[in-house]
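*Asks:* Handing you this structure, nothing more for now.
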Amino acid sequence: MRKIAISLLASALLTLVWAGEPTDIDSLFRGKEYKPELSPSLRDTTNVSSLPAKTKEGKESKGNGYYVLQFEAVGDFDAAERRRAQISASTGYNIQVVFDAPFYKLRGGGWTSKKAADDKARELSAYNINALVVKLR
């Protein structure tokens, strides 16, 4: 019995020596879960316009169109509302739920050039937030 206790103690000490630094799993158990920091440029709304630019005559300018980011398409309204809150918290965008049968589409942002919308989608993908650029007009 004593030999078993000594061998267990020795194996525990060797495990501690080999373990070294705590792993990510260890930090999760201590309540220090990983929370990525979003770049301040994701919350920058200076490039976001609510509507396409208009000319002096009041007509819309002949731009490329109006582009938004579509984050998801969900079949259930309650699930769409939950995801809207999560995506809004992680991106800082005001997310709209648009019903386009049979899905509730979660969209946010707004740009007058496709390049600017693509740049934001690429920047969000670095934080594992997938978005699709959609042209509205």
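Here, A, B, ... name the chains of the structure tokens in the order displayed, residue numbers run from 1 inside each chain, and ligands are numbered from 1 in the same displayed order.
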Report the residues of stretch 61-106 of chain A whose backbone DSSP state falls under helix (DSSP H, G or I), written as a ChimeraX atom specification.
*Replies:* /A:77-91
*Asks:* Could you tell me, as an MDAnalysis selection string, which residues of stretch 70-128 of chain A DSSP assigns to strand (DSSP E) when given the backbone?
*Replies:* chainID A and resid 70:74 96:100 103:111
*Asks:* Save out the residues we just selected, C-alpha atoms, as a PDB file, in the first residue's frame.
*Replies:*
```
ATOM      1  CA  GLN A  70     -25.727  40.289 -43.830  1.00  0.00           C
ATOM      2  CA  PHE A  71     -24.579  38.246 -40.866  1.00  0.00           C
ATOM      3  CA  GLU A  72     -27.077  35.364 -40.824  1.00  0.00           C
ATOM      4  CA  ALA A  73     -30.394  34.099 -42.120  1.00  0.00           C
ATOM      5  CA  VAL A  74     -32.459  32.312 -39.445  1.00  0.00           C
ATOM      6  CA  GLN A  96     -31.881  44.921 -38.329  1.00  0.00           C
ATOM      7  CA  VAL A  97     -34.025  41.810 -38.636  1.00  0.00           C
ATOM      8  CA  VAL A  98     -35.542  41.704 -42.136  1.00  0.00           C
ATOM      9  CA  PHE A  99     -38.117  39.039 -43.012  1.00  0.00           C
ATOM     10  CA  ASP A 100     -37.574  37.663 -46.504  1.00  0.00           C
ATOM     11  CA  PHE A 103     -35.888  33.511 -43.386  1.00  0.00           C
ATOM     12  CA  TYR A 104     -35.238  36.347 -40.957  1.00  0.00           C
ATOM     13  CA  LYS A 105     -32.079  38.039 -42.236  1.00  0.00           C
ATOM     14  CA  LEU A 106     -29.761  39.864 -39.840  1.00  0.00           C
ATOM     15  CA  ARG A 107     -28.253  42.925 -41.517  1.00  0.00           C
ATOM     16  CA  GLY A 108     -26.221  45.862 -40.334  1.00  0.00           C
ATOM     17  CA  GLY A 109     -24.037  48.756 -41.438  1.00  0.00           C
ATOM     18  CA  GLY A 110     -24.413  50.661 -44.658  1.00  0.00           C
ATOM     19  CA  TRP A 111     -21.946  51.826 -47.303  1.00  0.00           C
TER      20      TRP A 111
END
```
*Asks:* When you look at A:Leu69 with a cut-off of 12 Å (counting only C-alpha atoms), what residues show up, excluding the ones that are within fewer than 3 positions of it in the same chain? I need them as an NGL selection string.
*Replies:* :A and (48 or 66 or 72-73 or 87 or 91 or 93-96 or 105-111 or 114 or 116-122 or 124-125 or 129-136)
